[in-house]
Each structure stands twice: as structure tokens, then as C-alpha cells.
$ cat model.pdb   # PDB, C-alpha atoms and all ligand atoms
ATOM      1  CA  MET A   1     -21.416 -42.167  18.493
ATOM      2  CA  LYS A   2     -19.243 -44.462  20.679
ATOM      3  CA  LYS A   3     -21.003 -43.104  23.786
ATOM      4  CA  LEU A   4     -24.422 -43.795  22.263
ATOM      5  CA  LEU A   5     -23.321 -47.307  21.371
ATOM      6  CA  SER A   6     -22.028 -48.088  24.845
ATOM      7  CA  ILE A   7     -25.251 -46.841  26.451
ATOM      8  CA  ALA A   8     -27.353 -48.843  23.988
ATOM      9  CA  LYS A   9     -25.320 -51.964  24.815
ATOM     10  CA  GLU A  10     -25.809 -51.458  28.524
ATOM     11  CA  ASN A  11     -29.513 -50.722  28.124
ATOM     12  CA  ILE A  12     -30.342 -53.805  26.072
ATOM     13  CA  LYS A  13     -30.620 -55.788  29.307
ATOM     14  CA  ASN A  14     -33.889 -53.898  29.949
ATOM     15  CA  SER A  15     -35.526 -55.297  26.809
ATOM     16  CA  TYR A  16     -38.751 -57.148  27.550
ATOM     17  CA  SER A  17     -38.728 -59.725  24.762
ATOM     18  CA  PRO A  18     -39.775 -63.094  26.252
ATOM     19  CA  TYR A  19     -41.515 -64.175  23.034
ATOM     20  CA  SER A  20     -39.102 -63.294  20.255
ATOM     21  CA  HIS A  21     -35.924 -63.492  22.370
ATOM     22  CA  PHE A  22     -34.758 -60.682  20.134
ATOM     23  CA  PRO A  23     -33.746 -57.778  22.381
ATOM     24  CA  VAL A  24     -33.361 -54.371  20.785
ATOM     25  CA  SER A  25     -32.102 -51.159  22.332
ATOM     26  CA  ALA A  26     -32.300 -47.608  21.031
ATOM     27  CA  VAL A  27     -30.760 -44.373  22.285
ATOM     28  CA  LEU A  28     -31.943 -40.962  21.180
ATOM     29  CA  GLU A  29     -29.568 -38.052  21.380
ATOM     30  CA  LEU A  30     -31.186 -34.645  21.772
ATOM     31  CA  LYS A  31     -29.595 -31.467  20.499
ATOM     32  CA  ASN A  32     -29.186 -30.342  24.135
ATOM     33  CA  GLY A  33     -27.006 -33.408  24.756
ATOM     34  CA  GLU A  34     -29.577 -35.342  26.745
ATOM     35  CA  LEU A  35     -29.870 -39.061  25.981
ATOM     36  CA  ILE A  36     -33.183 -40.944  26.052
ATOM     37  CA  LYS A  37     -33.223 -44.733  26.080
ATOM     38  CA  GLY A  38     -35.768 -47.211  24.747
ATOM     39  CA  ILE A  39     -36.144 -50.978  24.465
ATOM     40  CA  ASN A  40     -38.626 -53.278  22.787
ATOM     41  CA  VAL A  41     -41.568 -54.239  24.982
ATOM     42  CA  GLU A  42     -43.491 -57.352  23.946
ATOM     43  CA  ASN A  43     -46.851 -58.775  24.943
ATOM     44  CA  ALA A  44     -48.540 -62.202  24.955
ATOM     45  CA  SER A  45     -50.835 -60.577  22.411
ATOM     46  CA  PHE A  46     -47.933 -60.439  19.964
ATOM     47  CA  GLY A  47     -49.190 -57.595  17.799
ATOM     48  CA  LEU A  48     -48.941 -55.220  20.735
ATOM     49  CA  ALA A  49     -45.143 -55.318  20.838
ATOM     50  CA  ASN A  50     -43.517 -51.909  20.816
ATOM     51  CA  CYS A  51     -40.140 -51.539  19.165
ATOM     52  CA  ALA A  52     -37.134 -49.938  20.841
ATOM     53  CA  GLU A  53     -37.090 -46.991  18.437
ATOM     54  CA  ARG A  54     -40.707 -46.134  19.160
ATOM     55  CA  SER A  55     -40.225 -46.596  22.905
ATOM     56  CA  ALA A  56     -37.390 -44.040  22.872
ATOM     57  CA  LEU A  57     -39.261 -41.582  20.663
ATOM     58  CA  PHE A  58     -42.515 -41.838  22.627
ATOM     59  CA  THR A  59     -40.583 -41.242  25.842
ATOM     60  CA  ALA A  60     -38.976 -38.139  24.347
ATOM     61  CA  TYR A  61     -42.340 -36.784  23.210
ATOM     62  CA  SER A  62     -43.879 -37.659  26.582
ATOM     63  CA  LEU A  63     -41.221 -35.489  28.178
ATOM     64  CA  GLY A  64     -42.237 -32.614  25.926
ATOM     65  CA  TYR A  65     -39.465 -32.811  23.332
ATOM     66  CA  ARG A  66     -40.316 -32.452  19.660
ATOM     67  CA  LYS A  67     -38.618 -33.267  16.347
ATOM     68  CA  GLN A  68     -36.547 -30.101  16.307
ATOM     69  CA  ASP A  69     -34.999 -31.143  19.653
ATOM     70  CA  ILE A  70     -33.763 -34.512  18.358
ATOM     71  CA  LYS A  71     -30.338 -34.974  16.823
ATOM     72  CA  ARG A  72     -30.158 -38.693  16.099
ATOM     73  CA  ILE A  73     -31.109 -42.195  17.154
ATOM     74  CA  LEU A  74     -28.904 -45.272  17.454
ATOM     75  CA  VAL A  75     -30.442 -48.752  17.206
ATOM     76  CA  TYR A  76     -28.508 -51.687  18.641
ATOM     77  CA  THR A  77     -28.971 -55.450  18.492
ATOM     78  CA  ASP A  78     -26.600 -58.069  19.876
ATOM     79  CA  HIS A  79     -25.839 -59.670  16.507
ATOM     80  CA  ASP A  80     -22.905 -59.540  14.132
ATOM     81  CA  TYR A  81     -25.118 -58.220  11.329
ATOM     82  CA  PHE A  82     -27.118 -55.025  10.973
ATOM     83  CA  VAL A  83     -30.800 -54.960  11.874
ATOM     84  CA  SER A  84     -32.902 -52.449  10.013
ATOM     85  CA  PRO A  85     -35.843 -50.554  11.571
ATOM     86  CA  CYS A  86     -39.248 -52.055  10.789
ATOM     87  CA  GLY A  87     -41.798 -50.290   8.621
ATOM     88  CA  ALA A  88     -43.851 -49.072  11.575
ATOM     89  CA  CYS A  89     -40.778 -47.472  13.151
ATOM     90  CA  ARG A  90     -39.816 -45.856   9.848
ATOM     91  CA  GLN A  91     -43.262 -44.296   9.637
ATOM     92  CA  VAL A  92     -43.042 -43.038  13.224
ATOM     93  CA  MET A  93     -39.465 -41.766  12.814
ATOM     94  CA  ARG A  94     -40.514 -39.990   9.633
ATOM     95  CA  GLU A  95     -43.106 -38.014  11.582
ATOM     96  CA  LEU A  96     -41.351 -37.567  14.923
ATOM     97  CA  MET A  97     -37.819 -36.780  13.700
ATOM     98  CA  GLU A  98     -36.532 -34.291  11.152
ATOM     99  CA  ASP A  99     -35.778 -35.554   7.637
ATOM    100  CA  ASP A 100     -32.039 -35.003   8.031
ATOM    101  CA  SER A 101     -31.763 -36.547  11.510
ATOM    102  CA  GLU A 102     -29.385 -39.473  11.659
ATOM    103  CA  VAL A 103     -30.513 -43.052  12.169
ATOM    104  CA  ILE A 104     -27.504 -45.129  13.203
ATOM    105  CA  LEU A 105     -27.589 -48.919  13.047
ATOM    106  CA  ALA A 106     -25.067 -50.713  15.263
ATOM    107  CA  ASN A 107     -24.093 -54.338  15.729
ATOM    108  CA  ASN A 108     -22.083 -56.279  18.301
ATOM    109  CA  LYS A 109     -18.884 -55.911  16.272
ATOM    110  CA  ASP A 110     -19.072 -52.171  17.035
ATOM    111  CA  GLU A 111     -19.785 -51.506  13.378
ATOM    112  CA  MET A 112     -22.170 -48.695  12.540
ATOM    113  CA  LYS A 113     -24.089 -47.573   9.467
ATOM    114  CA  VAL A 114     -25.456 -44.061   9.323
ATOM    115  CA  TYR A 115     -28.572 -43.072   7.368
ATOM    116  CA  HIS A 116     -30.661 -39.946   7.182
ATOM    117  CA  ASN A 117     -34.227 -40.407   8.331
ATOM    118  CA  ILE A 118     -35.676 -39.468   4.932
ATOM    119  CA  GLU A 119     -33.655 -42.236   3.232
ATOM    120  CA  LEU A 120     -35.462 -44.916   5.219
ATOM    121  CA  LEU A 121     -38.939 -43.930   4.047
ATOM    122  CA  PRO A 122     -38.901 -41.977   0.819
ATOM    123  CA  PHE A 123     -42.322 -40.882  -0.457
ATOM    124  CA  GLY A 124     -43.841 -41.739   2.931
ATOM    125  CA  PHE A 125     -47.298 -40.786   4.145
ATOM    126  CA  THR A 126     -47.110 -37.568   6.158
ATOM    127  CA  GLU A 127     -49.358 -34.973   7.750
ATOM    128  CA  GLY A 128     -49.123 -33.086   4.455
ATOM    129  CA  ASP A 129     -51.189 -35.815   2.801
ATOM    130  CA  LEU A 130     -54.193 -35.275   5.059
TER     131      LEU A 130
HETATM  132  N1  LIG B   1     -37.923 -54.783  16.931
HETATM  133  C1  LIG B   1     -37.478 -53.560  17.354
HETATM  134  O1  LIG B   1     -37.482 -53.270  18.558
HETATM  135  N2  LIG B   1     -37.028 -52.688  16.415
HETATM  136  C2  LIG B   1     -36.995 -52.944  15.075
HETATM  137  O2  LIG B   1     -36.659 -52.058  14.295
HETATM  138  C3  LIG B   1     -37.301 -54.286  14.568
HETATM  139  C4  LIG B   1     -37.981 -55.194  15.536
HETATM  140  C5  LIG B   1     -38.407 -55.730  17.934
HETATM  141  C6  LIG B   1     -39.887 -56.012  17.885
HETATM  142  C7  LIG B   1     -39.960 -57.365  18.550
HETATM  143  O3  LIG B   1     -40.008 -57.173  19.954
HETATM  144  C8  LIG B   1     -38.634 -58.030  18.201
HETATM  145  O4  LIG B   1     -37.778 -56.985  17.747
HETATM  146  C9  LIG B   1     -38.745 -59.093  17.124
HETATM  147  O5  LIG B   1     -39.437 -58.628  16.038
END
$ encode --input "model.pdb" --output "C-alpha cells" --more "lines below"
Ligand code: THU
Amino acid sequence: MKKLLSIAKENIKNSYSPYSHFPVSAVLELKNGELIKGINVENASFGLANCAERSALFTAYSLGYRKQDIKRILVYTDHDYFVSPCGACRQVMRELMEDDSEVILANNKDEMKVYHNIELLPFGFTEGDL
């Protein structure tokens, strides 16, 4: 987890967040050991912002990886408190990662909290509801 944290810290400089000034960085670890990075990408049309978690997951899927290939995701913000994934990211993580995958929240005091994906969106809407 320390390696994920140090990569997330380094990668946060790539955040494109000129409107919120709230950079976020996420690192996905695949079961094959590969790491995939993501940052939040904002837009003058504010609603089009894409969160770091979704950037990392969409990159992984674009490369052909699927939920069974993903081990965990670490989300980092440069604050001394923990930032929790937004509702949209929880919905996307629920679909694109396995229920027991880890979602790790990390702050700039090198503290981490570990959750299982399913804990962040219990009774969520899934493909099974269609
Ligand atoms: N943001 C993320 O990247 N991940 C989250 O889980 C929460 C929010 C971004 C979106 C926006 O660019 C900025 O943080 C402020 O909301």
C-alpha cells in the first residue's frame, strides 16, 4: 500500500482542477501487479468533471482489463483528513470492480482507511436490476 500511496502522491501533480483547486489522484492495482493512474479532469462546463477514480477505472477498461483483473484502488488527496469517493464514483466502482476489492483512502499524513467496495454502496443499482 505504501507503493500505491507514493505513486498517487507523485501523480497528483497531473490533476487538471483549475476550477475547484481540489486535486485528486487515484491508483489502481491490478492482480498482475500493473498499476494504472488517474486524476480528476475538470471542465469550464463544471458538470463534465471526471473524478480521479473514474479516470483510473476507465483507463483500465480502455486497456481491456475487467473487474476480475483489479485488486484495489487507492484514492489520495493532499489534505490532513480523509476524502470519501463521491456517489457517481461509488456507482461506477460498484459495477467495474468486484464487491470485495479494496478501496483505500489516503491523506497527506500517510494515514489510510481500507474499505471493501460493497461497503461503499450497499443495495446499489446493478445490472441485475435491469
Ligand atoms: N473528486 C474526485 O476526483 N474524486 C472524488 O471522489 C470526489 C471529488 C474531484 C471532482 C472535482 O474535480 C473535485 O474533486 C472537486 O469536487
$ closest_residue --input "model.pdb" --among "A:Phe123, A:Phe58, A:Phe22, A:Tyr16" --to "Asn43 of chain A" --atoms "all atoms listed in the file"
A:Tyr16
$ residues_near_ligand --input "model.pdb" --ligand "ligand LIG 1 (chain B)" --cutoff "8 Å" --atoms "all atoms listed in the file" --output "list in words"
Tyr16, Ser17, Tyr19, Ser20, His21, Phe22, Pro23, Val24, Ser25, Ile39, Asn40, Val41, Glu42, Ala49, Asn50, Cys51, Ala52, Glu53, Arg54, Val75, Val83, Ser84, Pro85, Cys86, Gly87 and Cys89 of chain A
$ resolve_selection --input "model.pdb" --expression "the PyMOL selection byres (((chain A and resi 102-116) around 6) and not hetatm)" --output "list in words"
Arg72, Ile73, Leu74, Val75, Tyr76, Thr77, Asp78, His79, Asp80, Tyr81, Phe82, Asp100, Ser101, Asn117, Ile118 and Glu119 of chain A
$ closest_residue --input "model.pdb" --among "A:Arg66, A:Arg94, A:Lys71, A:Lys9" --to "Glu34 of chain A" --atoms "all atoms listed in the file"
A:Lys71
$ closest_residue --input "model.pdb" --among "A:Leu130, A:Leu4, A:Leu48, A:Met93" --to "Ile36 of chain A" --atoms "only C-alpha atoms"
A:Leu4
$ residues_around --input "model.pdb" --residues "Glu95 of chain A" --least-positions-apart "4" --cutoff "10 Å" --atoms "only C-alpha atoms" --output "list in words"
Lys67, Cys89, Arg90, Gln91, Asp99, Asn117, Gly124, Phe125, Thr126 and Glu127 of chain A
$ closest_residue --input "model.pdb" --among "A:Gly33, A:Pro122, A:Gly64, A:Gly38" --to "Lys13 of chain A" --atoms "only C-alpha atoms"
A:Gly38
$ atom_distance --input "model.pdb" --atom1 "atom CA of Leu30 of chain A" --atom2 "atom CA of Leu120 of chain A"
19.9 Å
$ atom_distance --input "model.pdb" --atom1 "atom CA of Leu121 of chain A" --atom2 "atom CA of Lys3 of chain A"
26.7 Å
$ closest_residue --input "model.pdb" --among "A:Ser45, A:Ala88, A:Asn32, A:Ala56" --to "Asn11 of chain A" --atoms "all atoms listed in the file"
A:Ala56
$ atom_distance --input "model.pdb" --atom1 "atom CA of Ala8 of chain A" --atom2 "atom CA of Phe46 of chain A"
24.0 Å
$ closest_residue --input "model.pdb" --among "A:Lys37, A:Lys31, A:Ala60, A:Ile70" --to "Ile7 of chain A" --atoms "all atoms listed in the file"
A:Lys37
$ build_atoms --input "model.pdb" --residues "segment 28-39 of chain A" --atoms "all heavy atoms" --output "JSON list (two decimals), in the coordinates of the input"
[["chain", "number", "residue", "atom", "x", "y", "z"],
["A", 28, "LEU", "N", -31.72, -42.23, 21.88],
["A", 28, "LEU", "CA", -31.94, -40.96, 21.18],
["A", 28, "LEU", "C", -31.00, -39.93, 21.76],
["A", 28, "LEU", "O", -30.88, -39.83, 22.99],
["A", 28, "LEU", "CB", -33.33, -40.44, 21.50],
["A", 28, "LEU", "CG", -34.52, -40.64, 20.60],
["A", 28, "LEU", "CD1", -35.68, -39.84, 21.16],
["A", 28, "LEU", "CD2", -34.22, -40.18, 19.20],
["A", 29, "GLU", "N", -30.36, -39.18, 20.90],
["A", 29, "GLU", "CA", -29.57, -38.05, 21.38],
["A", 29, "GLU", "C", -30.29, -36.76, 21.00],
["A", 29, "GLU", "O", -30.62, -36.54, 19.84],
["A", 29, "GLU", "CB", -28.17, -38.06, 20.77],
["A", 29, "GLU", "CG", -27.31, -36.93, 21.32],
["A", 29, "GLU", "CD", -25.91, -36.87, 20.72],
["A", 29, "GLU", "OE1", -25.59, -37.72, 19.85],
["A", 29, "GLU", "OE2", -25.15, -35.99, 21.12],
["A", 30, "LEU", "N", -30.55, -35.94, 22.01],
["A", 30, "LEU", "CA", -31.19, -34.65, 21.77],
["A", 30, "LEU", "C", -30.12, -33.61, 21.45],
["A", 30, "LEU", "O", -28.94, -33.79, 21.77],
["A", 30, "LEU", "CB", -31.98, -34.20, 23.00],
["A", 30, "LEU", "CG", -33.06, -35.18, 23.49],
["A", 30, "LEU", "CD1", -33.78, -34.59, 24.71],
["A", 30, "LEU", "CD2", -34.06, -35.49, 22.38],
["A", 31, "LYS", "N", -30.56, -32.51, 20.84],
["A", 31, "LYS", "CA", -29.60, -31.47, 20.50],
["A", 31, "LYS", "C", -29.01, -30.80, 21.74],
["A", 31, "LYS", "O", -27.93, -30.24, 21.70],
["A", 31, "LYS", "CB", -30.26, -30.44, 19.58],
["A", 31, "LYS", "CG", -30.55, -31.01, 18.19],
["A", 31, "LYS", "CD", -31.29, -30.03, 17.30],
["A", 31, "LYS", "CE", -31.65, -30.72, 15.99],
["A", 31, "LYS", "NZ", -32.57, -29.93, 15.16],
["A", 32, "ASN", "N", -29.73, -30.91, 22.89],
["A", 32, "ASN", "CA", -29.19, -30.34, 24.14],
["A", 32, "ASN", "C", -28.22, -31.31, 24.83],
["A", 32, "ASN", "O", -27.76, -31.04, 25.94],
["A", 32, "ASN", "CB", -30.32, -29.94, 25.09],
["A", 32, "ASN", "CG", -31.06, -31.15, 25.66],
["A", 32, "ASN", "OD1", -30.66, -32.29, 25.45],
["A", 32, "ASN", "ND2", -32.15, -30.91, 26.38],
["A", 33, "GLY", "N", -27.97, -32.44, 24.19],
["A", 33, "GLY", "CA", -27.01, -33.41, 24.76],
["A", 33, "GLY", "C", -27.64, -34.51, 25.58],
["A", 33, "GLY", "O", -26.99, -35.51, 25.90],
["A", 34, "GLU", "N", -28.91, -34.32, 25.93],
["A", 34, "GLU", "CA", -29.58, -35.34, 26.74],
["A", 34, "GLU", "C", -29.76, -36.63, 25.94],
["A", 34, "GLU", "O", -29.97, -36.59, 24.72],
["A", 34, "GLU", "CB", -30.95, -34.80, 27.19],
["A", 34, "GLU", "CG", -31.58, -35.64, 28.29],
["A", 34, "GLU", "CD", -32.90, -35.01, 28.78],
["A", 34, "GLU", "OE1", -33.02, -33.77, 28.76],
["A", 34, "GLU", "OE2", -33.79, -35.77, 29.16],
["A", 35, "LEU", "N", -29.68, -37.76, 26.62],
["A", 35, "LEU", "CA", -29.87, -39.06, 25.98],
["A", 35, "LEU", "C", -31.13, -39.71, 26.53],
["A", 35, "LEU", "O", -31.36, -39.69, 27.75],
["A", 35, "LEU", "CB", -28.67, -39.97, 26.24],
["A", 35, "LEU", "CG", -27.31, -39.44, 25.77],
["A", 35, "LEU", "CD1", -26.19, -40.43, 26.11],
["A", 35, "LEU", "CD2", -27.32, -39.17, 24.26],
["A", 36, "ILE", "N", -31.94, -40.28, 25.64],
["A", 36, "ILE", "CA", -33.18, -40.94, 26.05],
["A", 36, "ILE", "C", -33.16, -42.37, 25.52],
["A", 36, "ILE", "O", -32.96, -42.59, 24.31],
["A", 36, "ILE", "CB", -34.41, -40.17, 25.54],
["A", 36, "ILE", "CG1", -34.46, -38.81, 26.24],
["A", 36, "ILE", "CG2", -35.69, -40.95, 25.77],
["A", 36, "ILE", "CD1", -35.57, -37.90, 25.78],
["A", 37, "LYS", "N", -33.37, -43.32, 26.44],
["A", 37, "LYS", "CA", -33.22, -44.73, 26.08],
["A", 37, "LYS", "C", -34.58, -45.39, 25.82],
["A", 37, "LYS", "O", -35.59, -44.98, 26.39],
["A", 37, "LYS", "CB", -32.53, -45.48, 27.22],
["A", 37, "LYS", "CG", -31.15, -44.94, 27.53],
["A", 37, "LYS", "CD", -30.50, -45.69, 28.67],
["A", 37, "LYS", "CE", -30.95, -45.15, 30.01],
["A", 37, "LYS", "NZ", -30.20, -45.73, 31.14],
["A", 38, "GLY", "N", -34.56, -46.42, 24.99],
["A", 38, "GLY", "CA", -35.77, -47.21, 24.75],
["A", 38, "GLY", "C", -35.40, -48.66, 24.48],
["A", 38, "GLY", "O", -34.28, -48.95, 24.04],
["A", 39, "ILE", "N", -36.34, -49.55, 24.77],
["A", 39, "ILE", "CA", -36.14, -50.98, 24.46],
["A", 39, "ILE", "C", -37.44, -51.51, 23.88],
["A", 39, "ILE", "O", -38.49, -50.86, 23.99],
["A", 39, "ILE", "CB", -35.74, -51.80, 25.72],
["A", 39, "ILE", "CG1", -36.53, -51.38, 26.95],
["A", 39, "ILE", "CG2", -34.25, -51.68, 26.00],
["A", 39, "ILE", "CD1", -37.88, -51.94, 27.10]]
